[in-house]
>>> print(open('model32.txt').read())   # compact mmCIF, C-alpha atoms
# COMPACT_ATOMS: atom_id res chain seq x y z
CA MET A 1089 80.43 102.92 -137.47
CA LEU A 1090 82.41 99.80 -138.31
CA TRP A 1091 85.04 101.86 -140.05
CA SER A 1092 85.69 104.06 -137.05
CA ALA A 1093 85.69 101.10 -134.71
CA ALA A 1094 88.40 99.37 -136.73
CA ASN A 1095 90.67 102.39 -136.88
CA HIS A 1096 91.10 103.90 -133.48
CA GLY A 1097 94.58 102.83 -132.36
CA PRO A 1098 97.79 100.91 -133.08
CA SER A 1099 96.64 97.93 -131.00
CA ASP A 1100 93.88 97.27 -133.56
CA MET A 1101 96.18 96.59 -136.52
CA SER A 1102 94.99 93.87 -138.82
CA ALA A 1103 96.16 90.29 -138.38
CA LEU A 1104 98.22 90.50 -141.56
CA ALA A 1105 100.25 93.43 -140.32
CA LEU A 1106 100.77 91.70 -137.01
CA ALA A 1107 102.05 88.57 -138.74
CA TRP A 1108 104.40 90.64 -140.86
CA ARG A 1109 105.86 92.36 -137.83
CA ARG A 1110 106.44 89.05 -136.05
CA LEU A 1111 108.09 87.64 -139.17
CA SER A 1112 110.40 90.59 -139.64
CA GLU A 1113 111.57 90.26 -136.05
CA ASN A 1114 112.52 86.62 -136.63
CA ALA A 1115 116.33 86.20 -136.76
CA TRP A 1116 116.25 83.59 -139.52
CA PHE A 1117 114.02 85.75 -141.67
CA LYS A 1118 116.25 88.77 -141.14
CA THR A 1119 119.25 86.79 -142.36
CA ALA A 1120 117.35 85.45 -145.32
CA ILE A 1121 116.28 88.84 -146.68
CA ARG A 1122 119.52 90.71 -145.93
CA PRO A 1123 121.90 91.03 -148.92
CA PRO A 1124 124.83 88.64 -148.50
CA ALA A 1125 127.74 90.26 -146.70
CA TYR A 1126 130.32 87.48 -146.94
CA LEU A 1127 129.33 85.24 -149.89
CA SER A 1128 130.34 86.28 -153.37
CA LEU A 1129 127.87 86.67 -156.21
CA ALA A 1130 129.72 83.97 -158.15
CA PHE A 1131 129.37 81.54 -155.26
CA LEU A 1132 125.69 82.25 -154.95
CA THR A 1133 124.88 81.96 -158.67
CA LEU A 1134 127.06 78.92 -159.32
CA GLY A 1135 126.09 77.38 -156.00
CA GLY A 1136 122.46 77.99 -156.81
CA PHE A 1137 122.94 76.36 -160.18
CA ALA A 1138 124.67 73.34 -158.63
CA ALA A 1139 121.99 73.04 -155.96
CA GLY A 1140 119.35 73.25 -158.69
CA VAL A 1141 120.99 70.42 -160.60
CA ILE A 1142 121.15 68.30 -157.47
CA PHE A 1143 117.59 68.93 -156.31
CA TRP A 1144 115.88 68.89 -159.70
CA GLY A 1145 118.02 65.97 -160.83
CA GLY A 1146 117.22 64.17 -157.61
CA PHE A 1147 113.52 64.77 -158.06
CA ASN A 1148 113.62 63.52 -161.62
CA THR A 1149 115.69 60.49 -160.69
CA ALA A 1150 113.22 59.60 -157.97
CA LEU A 1151 110.36 60.13 -160.40
CA GLU A 1152 111.97 57.88 -163.00
CA ALA A 1153 112.76 55.27 -160.37
CA THR A 1154 109.07 55.01 -159.60
CA ASN A 1155 108.39 54.73 -163.31
CA THR A 1156 109.94 51.31 -163.81
CA GLU A 1157 108.47 47.86 -163.96
CA LYS A 1158 110.79 46.83 -161.16
CA PHE A 1159 109.20 49.43 -158.89
CA CYS A 1160 105.65 48.51 -159.92
CA THR A 1161 106.17 44.82 -159.33
CA SER A 1162 107.87 45.41 -156.00
CA CYS A 1163 104.32 45.49 -154.62
CA HIS A 1164 102.72 42.09 -154.16
CA GLU A 1165 99.43 43.34 -155.64
CA MET A 1166 101.01 44.12 -159.00
CA GLN A 1167 103.43 41.20 -159.01
CA ALA A 1168 100.93 38.46 -158.24
CA ASN A 1169 98.02 39.67 -160.34
CA VAL A 1170 98.53 41.94 -163.30
CA PHE A 1171 102.22 41.28 -163.95
CA GLU A 1172 101.69 37.50 -164.03
CA GLU A 1173 98.88 38.01 -166.52
CA LEU A 1174 100.99 40.27 -168.71
CA LYS A 1175 103.70 37.63 -169.08
CA GLY A 1176 101.77 35.47 -171.50
CA THR A 1177 100.68 38.29 -173.79
CA ILE A 1178 102.26 39.73 -176.90
CA HIS A 1179 103.35 42.83 -175.01
CA PHE A 1180 105.70 40.71 -172.93
CA THR A 1181 106.67 37.79 -175.17
CA ASN A 1182 106.90 38.07 -178.93
CA ARG A 1183 109.03 37.15 -181.89
CA SER A 1184 111.22 40.26 -181.95
CA GLY A 1185 111.72 40.71 -178.20
CA VAL A 1186 110.53 44.32 -178.09
CA ARG A 1187 108.27 44.74 -175.12
CA ALA A 1188 106.17 47.19 -173.18
CA THR A 1189 106.69 47.67 -169.48
CA CYS A 1190 103.99 48.83 -167.02
CA PRO A 1191 104.60 52.61 -167.32
CA ASP A 1192 104.68 52.45 -171.13
CA CYS A 1193 100.94 51.91 -171.07
CA HIS A 1194 99.88 53.24 -167.68
CA VAL A 1195 101.86 56.47 -167.31
CA PRO A 1196 101.66 59.27 -169.89
CA HIS A 1197 105.03 60.23 -171.39
CA GLN A 1198 104.36 63.96 -171.53
CA TRP A 1199 105.58 65.77 -168.40
CA THR A 1200 102.43 67.58 -167.26
CA ASN A 1201 100.23 64.54 -167.75
CA LYS A 1202 102.83 62.35 -166.15
CA ILE A 1203 102.89 64.47 -162.99
CA ALA A 1204 99.08 64.52 -162.93
CA ARG A 1205 99.00 60.74 -163.16
CA LYS A 1206 101.68 60.42 -160.50
CA MET A 1207 99.62 62.53 -158.15
CA GLN A 1208 96.62 60.31 -158.78
CA ALA A 1209 98.83 57.31 -158.15
CA SER A 1210 99.49 58.47 -154.61
CA ASN A 1211 95.97 57.21 -154.00
CA GLU A 1212 97.23 53.76 -154.99
CA VAL A 1213 99.94 53.97 -152.34
CA TRP A 1214 97.12 54.54 -149.88
CA GLY A 1215 95.40 51.47 -151.27
CA HIS A 1216 98.57 49.47 -150.82
CA LEU A 1217 99.08 50.61 -147.22
CA PHE A 1218 95.52 49.76 -146.27
CA GLY A 1219 95.43 46.51 -148.25
CA SER A 1220 92.57 47.36 -150.61
CA ILE A 1221 93.53 44.57 -153.02
CA ASP A 1222 96.00 42.54 -150.98
CA THR A 1223 94.28 39.22 -151.67
CA ARG A 1224 93.27 37.68 -154.98
CA GLU A 1225 89.60 37.83 -153.96
CA LYS A 1226 89.75 41.53 -153.15
CA PHE A 1227 91.59 42.14 -156.42
CA LEU A 1228 88.99 40.25 -158.45
CA ASN A 1229 86.16 42.07 -156.71
CA LEU A 1230 87.63 45.43 -157.66
CA ARG A 1231 88.88 44.41 -161.09
CA ARG A 1232 85.92 45.78 -163.04
CA HIS A 1233 86.20 49.09 -161.17
CA MET A 1234 89.93 49.39 -161.82
CA ALA A 1235 89.59 48.29 -165.43
CA GLU A 1236 86.86 50.82 -166.05
CA ARG A 1237 89.10 53.59 -164.75
CA GLU A 1238 91.84 52.60 -167.18
CA TRP A 1239 89.40 52.28 -170.09
CA ALA A 1240 87.98 55.72 -169.32
CA ARG A 1241 91.47 57.22 -169.08
CA LEU A 1242 92.56 55.73 -172.41
CA LYS A 1243 89.29 56.68 -174.06
CA ALA A 1244 89.68 60.28 -172.86
CA ASN A 1245 93.23 60.67 -174.15
CA ASP A 1246 92.45 58.87 -177.45
CA SER A 1247 94.56 55.85 -176.46
CA LEU A 1248 97.67 58.02 -176.21
CA GLU A 1249 99.79 55.34 -174.57
CA CYS A 1250 98.96 52.86 -177.33
CA ARG A 1251 99.81 55.45 -179.95
CA ASN A 1252 103.18 56.19 -178.40
CA CYS A 1253 104.26 53.01 -180.20
CA HIS A 1254 101.42 52.08 -182.57
CA SER A 1255 101.22 54.98 -185.00
CA SER A 1256 98.34 54.85 -187.44
CA GLN A 1257 100.53 56.58 -190.02
CA SER A 1258 103.05 53.76 -189.85
CA MET A 1259 100.43 51.05 -189.86
CA ASP A 1260 100.64 49.03 -193.07
CA LEU A 1261 97.21 47.58 -193.70
CA SER A 1262 98.51 45.34 -196.47
CA LYS A 1263 100.62 43.53 -193.89
CA GLN A 1264 97.59 42.88 -191.71
CA ASN A 1265 95.18 40.10 -192.34
CA PRO A 1266 92.08 41.23 -194.23
CA ARG A 1267 89.85 41.06 -191.18
CA ALA A 1268 92.09 43.38 -189.13
CA ALA A 1269 92.70 45.69 -192.07
CA ALA A 1270 88.98 46.11 -192.71
CA ALA A 1271 88.28 46.83 -189.06
CA HIS A 1272 91.08 49.42 -188.84
CA GLU A 1273 89.98 51.07 -192.06
CA LYS A 1274 86.41 51.31 -190.90
CA SER A 1275 86.94 52.37 -187.29
CA LEU A 1276 90.46 53.61 -186.65
CA PHE A 1277 91.20 55.76 -189.70
CA THR A 1278 87.81 57.41 -189.67
CA GLY A 1279 88.38 58.38 -186.03
CA ASP A 1280 85.16 56.57 -185.24
CA LYS A 1281 86.77 54.55 -182.48
CA THR A 1282 89.98 54.56 -180.51
CA CYS A 1283 92.26 51.62 -179.73
CA ILE A 1284 90.80 50.77 -176.33
CA ASP A 1285 87.27 50.53 -177.71
CA CYS A 1286 88.10 47.20 -179.35
CA HIS A 1287 91.37 46.10 -177.76
CA LYS A 1288 90.33 45.61 -174.17
CA GLY A 1289 92.04 42.89 -172.20
CA ILE A 1290 95.06 42.56 -174.47
CA ALA A 1291 97.59 42.77 -171.65
CA HIS A 1292 95.62 41.58 -168.64
CA ARG A 1293 92.69 39.28 -168.10
CA LEU A 1294 89.25 40.78 -168.29
CA PRO A 1295 86.74 41.50 -165.55
CA ASN A 1296 83.11 40.48 -165.94
CA MET A 1297 82.28 42.10 -169.27
CA SER A 1298 78.50 42.06 -169.00
CA GLY A 1299 77.14 45.40 -170.12
CA VAL A 1300 80.37 46.57 -171.73
CA PRO A 1301 79.65 47.78 -175.30
CA GLY A 1302 80.85 45.30 -177.90
CA TRP A 1303 80.83 42.36 -175.53
CA GLN A 1304 78.28 39.61 -175.31
CA MET B 385 125.47 12.12 -180.28
CA ARG B 386 124.91 12.03 -184.05
CA GLY B 387 126.33 8.52 -184.23
CA LEU B 388 124.10 7.29 -181.45
CA LEU B 389 120.82 8.42 -182.93
CA PRO B 390 120.75 6.13 -186.01
CA ALA B 391 121.86 3.26 -183.82
CA ALA B 392 119.05 3.98 -181.38
CA LEU B 393 116.58 4.24 -184.23
CA LEU B 394 117.80 0.96 -185.68
CA GLY B 395 117.36 -0.70 -182.31
CA LEU B 396 113.93 0.76 -182.08
CA LEU B 397 113.07 -0.47 -185.56
CA LEU B 398 114.03 -4.01 -184.69
CA PHE B 399 112.11 -3.89 -181.45
CA VAL B 400 108.80 -2.48 -182.68
CA ARG B 401 108.97 -3.38 -186.32
CA ALA B 402 105.35 -4.05 -187.10
CA PRO B 403 103.59 -0.91 -185.76
CA LEU B 404 106.32 1.43 -186.90
CA ALA B 405 105.93 0.34 -190.48
CA GLN B 406 102.59 2.13 -190.68
CA GLN B 407 103.78 5.33 -189.03
CA THR B 408 105.93 8.15 -190.18
CA ALA B 409 109.15 8.88 -188.32
CA ASP B 410 107.54 11.70 -186.34
CA ALA B 411 104.63 9.67 -185.04
CA PRO B 412 104.36 9.92 -181.27
CA ARG B 413 105.14 6.69 -179.51
CA LEU B 414 103.29 5.94 -176.33
CA THR B 415 106.40 4.43 -174.78
CA GLY B 416 108.42 7.63 -175.07
CA PRO B 417 112.12 7.73 -175.92
CA THR B 418 114.54 4.89 -175.20
CA PRO B 419 116.03 4.97 -172.67
CA PHE B 420 113.16 6.75 -171.00
CA THR B 421 115.53 9.10 -169.16
CA LYS B 422 116.61 10.64 -172.44
CA GLU B 423 115.18 14.04 -173.19
CA THR B 424 113.87 14.55 -176.68
CA PRO B 425 113.56 18.04 -178.11
CA ALA B 426 110.00 19.13 -178.75
CA PRO B 427 109.09 19.52 -182.41
CA PRO B 428 108.92 23.16 -183.52
CA MET B 429 105.62 24.98 -183.10
CA GLN B 430 103.72 25.26 -186.35
CA ARG B 431 102.21 28.46 -187.60
CA GLN B 432 98.48 28.85 -187.44
CA VAL B 433 96.48 29.21 -190.62
CA THR B 434 95.24 32.81 -190.40
CA ASP B 435 94.24 33.67 -193.96
CA ASP B 436 90.54 34.31 -193.18
CA VAL B 437 89.40 31.88 -195.88
CA ARG B 438 86.59 29.59 -194.79
CA ARG B 439 87.42 25.90 -195.02
CA ARG B 440 85.13 23.27 -196.45
CA ARG B 441 83.70 20.91 -193.86
CA ASN B 442 84.67 17.29 -194.31
CA TYR B 443 81.20 16.16 -193.26
CA PRO B 444 78.03 18.15 -192.62
CA ASP B 445 78.19 17.95 -188.83
CA GLN B 446 81.80 19.05 -188.58
CA PRO B 447 82.23 22.20 -186.48
CA PRO B 448 83.60 24.87 -188.84
CA LEU B 449 87.32 25.53 -188.48
CA ILE B 450 88.70 28.88 -187.31
CA PRO B 451 90.68 30.48 -190.15
CA HIS B 452 92.07 33.39 -188.12
CA ALA B 453 94.42 34.05 -185.21
CA ILE B 454 92.86 33.65 -181.77
CA GLU B 455 95.89 34.26 -179.61
CA GLY B 456 94.94 35.99 -176.39
CA TYR B 457 91.20 35.63 -176.95
CA ALA B 458 89.44 35.29 -173.63
CA THR B 459 86.89 32.51 -173.17
CA ASP B 460 86.07 32.35 -169.52
CA LEU B 461 83.39 33.14 -167.01
CA ASN B 462 83.92 36.88 -167.42
CA ALA B 463 84.28 37.34 -171.14
CA ASN B 464 84.03 35.58 -174.48
CA LYS B 465 85.97 37.31 -177.23
CA CYS B 466 84.67 35.02 -179.97
CA LEU B 467 81.12 36.19 -179.35
CA SER B 468 82.19 39.82 -179.82
CA CYS B 469 82.03 39.08 -183.54
CA HIS B 470 80.08 35.85 -184.00
CA THR B 471 77.04 36.47 -181.84
CA ARG B 472 73.87 37.50 -183.61
CA LYS B 473 73.83 41.16 -182.64
CA PHE B 474 77.42 41.84 -183.72
CA THR B 475 77.50 40.06 -187.07
CA GLU B 476 76.49 43.15 -189.04
CA GLN B 477 79.44 45.21 -187.91
CA SER B 478 81.89 42.30 -187.94
CA GLN B 479 80.62 40.54 -191.08
CA ALA B 480 81.52 37.30 -189.36
CA PRO B 481 79.39 34.16 -189.67
CA MET B 482 76.81 33.90 -186.91
CA ILE B 483 76.98 30.99 -184.51
CA SER B 484 74.46 28.43 -185.73
CA VAL B 485 70.93 28.10 -184.38
CA THR B 486 71.89 24.88 -182.63
CA HIS B 487 73.86 27.06 -180.21
CA PHE B 488 70.66 28.60 -178.93
CA GLN B 489 69.18 25.29 -177.85
CA ASP B 490 69.62 23.39 -174.65
CA ARG B 491 70.21 19.66 -174.67
CA GLU B 492 66.47 18.93 -174.72
CA GLY B 493 66.10 20.99 -177.87
CA ASN B 494 64.31 23.91 -176.19
CA THR B 495 65.14 27.21 -177.85
CA LEU B 496 66.80 29.77 -175.60
CA GLY B 497 67.09 33.53 -175.87
CA GLY B 498 70.88 33.56 -175.87
CA VAL B 499 73.85 31.27 -176.31
CA SER B 500 73.35 28.00 -174.50
CA PRO B 501 75.86 27.52 -171.66
CA ARG B 502 76.89 24.17 -173.13
CA ARG B 503 77.89 25.95 -176.36
CA TYR B 504 79.75 28.78 -174.65
CA VAL B 505 83.26 27.28 -174.78
CA CYS B 506 83.91 27.72 -178.49
CA LEU B 507 87.28 25.98 -178.56
CA ALA B 508 85.76 22.75 -177.30
CA CYS B 509 84.64 22.13 -180.89
CA HIS B 510 86.02 24.87 -183.15
CA VAL B 511 89.77 24.87 -183.64
CA THR B 512 92.44 26.63 -185.64
CA GLN B 513 94.63 24.73 -188.07
CA THR B 514 98.34 24.66 -188.68
CA ALA B 515 100.32 23.75 -191.76
CA ALA B 516 101.89 20.79 -189.93
CA ALA B 517 102.06 17.48 -191.74
CA PRO B 518 99.89 14.86 -190.04
CA LEU B 519 101.80 12.65 -187.62
CA VAL B 520 99.90 9.60 -188.79
CA PRO B 521 98.53 9.15 -192.28
CA ASN B 522 94.84 9.92 -192.55
CA THR B 523 92.69 7.73 -194.75
CA PHE B 524 89.50 9.74 -194.34
CA THR B 525 87.46 9.85 -197.51
CA ASP B 526 84.89 12.48 -198.26
CA MET B 527 81.41 11.02 -198.50
CA ASP B 528 80.84 12.54 -201.92
CA ALA B 529 83.96 10.84 -203.21
CA LEU B 530 82.76 7.59 -201.68
CA VAL B 531 79.35 7.86 -203.32
CA GLY B 532 80.87 8.84 -206.64
CA ARG B 533 82.98 5.71 -206.73
CA GLU B 534 80.04 3.35 -206.40
CA PRO B 535 78.70 1.81 -209.57
CA ARG B 536 75.28 3.12 -210.39
CA ALA B 537 72.43 0.73 -209.95
CA LYS B 538 70.28 0.09 -212.96
>>> encode(input="model32.txt", output="structure tokens")
Amino acid sequence: MLWSAANHGPSDMSALALAWRRLSENAWFKTAIRPPAYLSLAFLTLGGFAAGVIFWGGFNTALEATNTEKFCTSCHEMQANVFEELKGTIHFTNRSGVRATCPDCHVPHQWTNKIARKMQASNEVWGHLFGSIDTREKFLNLRRHMAEREWARLKANDSLECRNCHSSQSMDLSKQNPRAAAAHEKSLFTGDKTCIDCHKGIAHRLPNMSGVPGWQ
Amino acid sequence: MRGLLPAALLGLLLFVRAPLAQQTADAPRLTGPTPFTKETPAPPMQRQVTDDVRRRRNYPDQPPLIPHAIEGYATDLNANKCLSCHTRKFTEQSQAPMISVTHFQDREGNTLGGVSPRRYVCLACHVTQTAAAPLVPNTFTDMDALVGREPRAK
């Protein structure tokens, strides 16, 4: 019964077919699907290549521009809180002058993961616009929450951002003091623990650590 | 500049002859440089002793010294990095000496379940050492040495 009801005339064509007909009557669409009459194949291929360079290059440039410490600290929230705290630590000031910037630790280097993290970070833009942490008090209230997210992220990727620079293969235990060497031998090289398990709060100050494993 | 410095030192020597005689050249003077507007370069920072070898206490009540690096260790309301190794429940995995039982007592001597708040700020008593030469000579004598020097009574 339903079958016959749906099939008894041209006025009852499905919504998809109707949409297609409307689209194919559109002048812009007609031009878009018609083979080019005036432009040469060389123009279209080379032009397409050039346009690709411009658009993809532009996208990448914009992506990299948001991946700098200058961009991160252009927001008051980052500048006044976490960046100030970073300044005193070994990842900012040290004897050889090599240093880590914000994205070195907080944005994955690999492309897919980087894009995934960037999409998550759009949530932080929202936070900025609505002032989620625009005072020191608000920041401190949310610090444990934000820290836990970073710990979980680093735990899940086996401290990938640490290991981008600190390779366990290149780690010379004989150059470390005995205490550090013993700890790395016991926990790091056995795969028992990952960097963030022990090295929390090395670049920023810590939230209230009550209940965090390994902390009093 | 190089010519001025000995002259300034000589002047200084004549002016404060008596106290200076007991001090080394580096000893801090309460009066500051002369003239007081002169800026003096800070002495270089000394390296910390970080060899993990426990130091003998000079007297029984001396808080033990810290023989390792503590740079960046948090000791505040939120976190205490020292206790991550030295508190009772973590000493097995860290093999670090446990904070002494006195740290579990309040000022009346009542035993508490955890670290007493007045003992929480480790660096108030326990400090690292550097290889710096003392600014003023130290005449401290170990009690054992003092006792050993005394003639024995018959």
>>> residues_near_point(input="model32.txt", point="(107.3, 51.6, -155.6)", cutoff="12 Å", atoms="all atoms listed in the file", output="VMD selection string")
chain A and resid 1150 to 1167 1206 1209 to 1210 1212 to 1213 1216 to 1217
>>> interface_residues(input="model32.txt", of="chain B", to="chain A", cutoff="8 Å", atoms="all atoms listed in the file", output="VMD selection string")
chain B and resid 434 to 436 456 458 461 to 465 467 to 468 471 474 478
>>> write_last_selection(input="model32.txt", atoms="C-alpha atoms", output="JSON list (two decimals), in the frame of the given file")
[["chain", "number", "residue", "atom", "x", "y", "z"],
["B", 434, "THR", "CA", 95.24, 32.81, -190.40],
["B", 435, "ASP", "CA", 94.24, 33.67, -193.96],
["B", 436, "ASP", "CA", 90.54, 34.31, -193.18],
["B", 456, "GLY", "CA", 94.94, 35.99, -176.39],
["B", 458, "ALA", "CA", 89.44, 35.29, -173.63],
["B", 461, "LEU", "CA", 83.39, 33.14, -167.01],
["B", 462, "ASN", "CA", 83.92, 36.88, -167.42],
["B", 463, "ALA", "CA", 84.28, 37.34, -171.14],
["B", 464, "ASN", "CA", 84.03, 35.58, -174.48],
["B", 465, "LYS", "CA", 85.97, 37.31, -177.23],
["B", 467, "LEU", "CA", 81.12, 36.19, -179.35],
["B", 468, "SER", "CA", 82.19, 39.82, -179.82],
["B", 471, "THR", "CA", 77.04, 36.47, -181.84],
["B", 474, "PHE", "CA", 77.42, 41.84, -183.72],
["B", 478, "SER", "CA", 81.89, 42.30, -187.94]]
>>> atom_distance(input="model32.txt", atom1="CA of Ser484 (chain B)", atom2="CA of Pro451 (chain B)")
16.9 Å
>>> atom_distance(input="model32.txt", atom1="CA of Ala1269 (chain A)", atom2="CA of His452 (chain B)")
12.9 Å
>>> residues_around(input="model32.txt", residues="Arg441 (chain B)", least_positions_apart="6", cutoff="12 Å", atoms="all atoms listed in the file", output="number ranges by chain")
B: 447-450, 510, 526-528
>>> atom_distance(input="model32.txt", atom1="CA of His1233 (chain A)", atom2="CA of Ile1284 (chain A)")
15.9 Å
>>> closest_residue(input="model32.txt", among="B:Thr415, B:Thr424, B:Thr514, B:Ser500", to="Thr486 (chain B)", atoms="all atoms listed in the file")
B:Ser500
>>> residues_around(input="model32.txt", residues="Arg1241 (chain A)", least_positions_apart="2", cutoff="12 Å", atoms="all atoms listed in the file", output="list of chain:residue names")
A:Cys1193, A:His1194, A:Val1195, A:Pro1196, A:Asn1201, A:Arg1205, A:Gln1208, A:Met1234, A:Ala1235, A:Glu1236, A:Arg1237, A:Glu1238, A:Trp1239, A:Lys1243, A:Ala1244, A:Asn1245, A:Asp1246, A:Ser1247, A:Leu1248, A:Glu1249, A:Cys1250, A:Thr1282, A:Ile1284, A:Asp1285
>>> write_last_selection(input="model32.txt", atoms="C-alpha atoms", output="CSV table (one decimal), keeping the file's coordinate frame")
chain,number,residue,atom,x,y,z
A,1193,CYS,CA,100.9,51.9,-171.1
A,1194,HIS,CA,99.9,53.2,-167.7
A,1195,VAL,CA,101.9,56.5,-167.3
A,1196,PRO,CA,101.7,59.3,-169.9
A,1201,ASN,CA,100.2,64.5,-167.8
A,1205,ARG,CA,99.0,60.7,-163.2
A,1208,GLN,CA,96.6,60.3,-158.8
A,1234,MET,CA,89.9,49.4,-161.8
A,1235,ALA,CA,89.6,48.3,-165.4
A,1236,GLU,CA,86.9,50.8,-166.0
A,1237,ARG,CA,89.1,53.6,-164.8
A,1238,GLU,CA,91.8,52.6,-167.2
A,1239,TRP,CA,89.4,52.3,-170.1
A,1243,LYS,CA,89.3,56.7,-174.1
A,1244,ALA,CA,89.7,60.3,-172.9
A,1245,ASN,CA,93.2,60.7,-174.2
A,1246,ASP,CA,92.4,58.9,-177.4
A,1247,SER,CA,94.6,55.8,-176.5
A,1248,LEU,CA,97.7,58.0,-176.2
A,1249,GLU,CA,99.8,55.3,-174.6
A,1250,CYS,CA,99.0,52.9,-177.3
A,1282,THR,CA,90.0,54.6,-180.5
A,1284,ILE,CA,90.8,50.8,-176.3
A,1285,ASP,CA,87.3,50.5,-177.7
>>> build_atoms(input="model32.txt", residues="region 1196-1210 of chain A", atoms="N, CA and C atoms", output="PDB file, keeping the file's coordinate frame")
ATOM      1  N   PRO A1196     101.438  58.443-168.698  1.00  0.00           N
ATOM      2  CA  PRO A1196     101.660  59.270-169.890  1.00  0.00           C
ATOM      3  C   PRO A1196     103.127  59.685-170.008  1.00  0.00           C
ATOM      4  N   HIS A1197     103.625  59.877-171.210  1.00  0.00           N
ATOM      5  CA  HIS A1197     105.030  60.230-171.390  1.00  0.00           C
ATOM      6  C   HIS A1197     105.255  61.739-171.244  1.00  0.00           C
ATOM      7  N   GLN A1198     104.235  62.507-171.585  1.00  0.00           N
ATOM      8  CA  GLN A1198     104.360  63.960-171.530  1.00  0.00           C
ATOM      9  C   GLN A1198     104.413  64.418-170.072  1.00  0.00           C
ATOM     10  N   TRP A1199     105.247  65.445-169.782  1.00  0.00           N
ATOM     11  CA  TRP A1199     105.580  65.770-168.400  1.00  0.00           C
ATOM     12  C   TRP A1199     104.369  66.154-167.558  1.00  0.00           C
ATOM     13  N   THR A1200     103.568  67.096-168.050  1.00  0.00           N
ATOM     14  CA  THR A1200     102.430  67.580-167.260  1.00  0.00           C
ATOM     15  C   THR A1200     101.473  66.434-166.919  1.00  0.00           C
ATOM     16  N   ASN A1201     101.148  65.653-167.956  1.00  0.00           N
ATOM     17  CA  ASN A1201     100.230  64.540-167.750  1.00  0.00           C
ATOM     18  C   ASN A1201     100.831  63.484-166.833  1.00  0.00           C
ATOM     19  N   LYS A1202     102.155  63.344-166.971  1.00  0.00           N
ATOM     20  CA  LYS A1202     102.830  62.350-166.150  1.00  0.00           C
ATOM     21  C   LYS A1202     102.729  62.735-164.668  1.00  0.00           C
ATOM     22  N   ILE A1203     102.960  64.019-164.376  1.00  0.00           N
ATOM     23  CA  ILE A1203     102.890  64.470-162.990  1.00  0.00           C
ATOM     24  C   ILE A1203     101.456  64.332-162.464  1.00  0.00           C
ATOM     25  N   ALA A1204     100.486  64.655-163.348  1.00  0.00           N
ATOM     26  CA  ALA A1204      99.080  64.520-162.930  1.00  0.00           C
ATOM     27  C   ALA A1204      98.775  63.072-162.576  1.00  0.00           C
ATOM     28  N   ARG A1205      99.259  62.163-163.408  1.00  0.00           N
ATOM     29  CA  ARG A1205      99.000  60.740-163.160  1.00  0.00           C
ATOM     30  C   ARG A1205      99.721  60.263-161.894  1.00  0.00           C
ATOM     31  N   LYS A1206     100.922  60.805-161.691  1.00  0.00           N
ATOM     32  CA  LYS A1206     101.680  60.420-160.500  1.00  0.00           C
ATOM     33  C   LYS A1206     100.980  60.871-159.234  1.00  0.00           C
ATOM     34  N   MET A1207     100.351  62.051-159.322  1.00  0.00           N
ATOM     35  CA  MET A1207      99.620  62.530-158.150  1.00  0.00           C
ATOM     36  C   MET A1207      98.406  61.653-157.881  1.00  0.00           C
ATOM     37  N   GLN A1208      97.733  61.245-158.956  1.00  0.00           N
ATOM     38  CA  GLN A1208      96.620  60.310-158.780  1.00  0.00           C
ATOM     39  C   GLN A1208      97.103  59.007-158.163  1.00  0.00           C
ATOM     40  N   ALA A1209      98.308  58.603-158.581  1.00  0.00           N
ATOM     41  CA  ALA A1209      98.830  57.310-158.150  1.00  0.00           C
ATOM     42  C   ALA A1209      99.147  57.289-156.665  1.00  0.00           C
ATOM     43  N   SER A1210      99.257  58.470-156.055  1.00  0.00           N
ATOM     44  CA  SER A1210      99.490  58.470-154.610  1.00  0.00           C
ATOM     45  C   SER A1210      98.305  57.836-153.890  1.00  0.00           C
TER      46      SER A1210
END
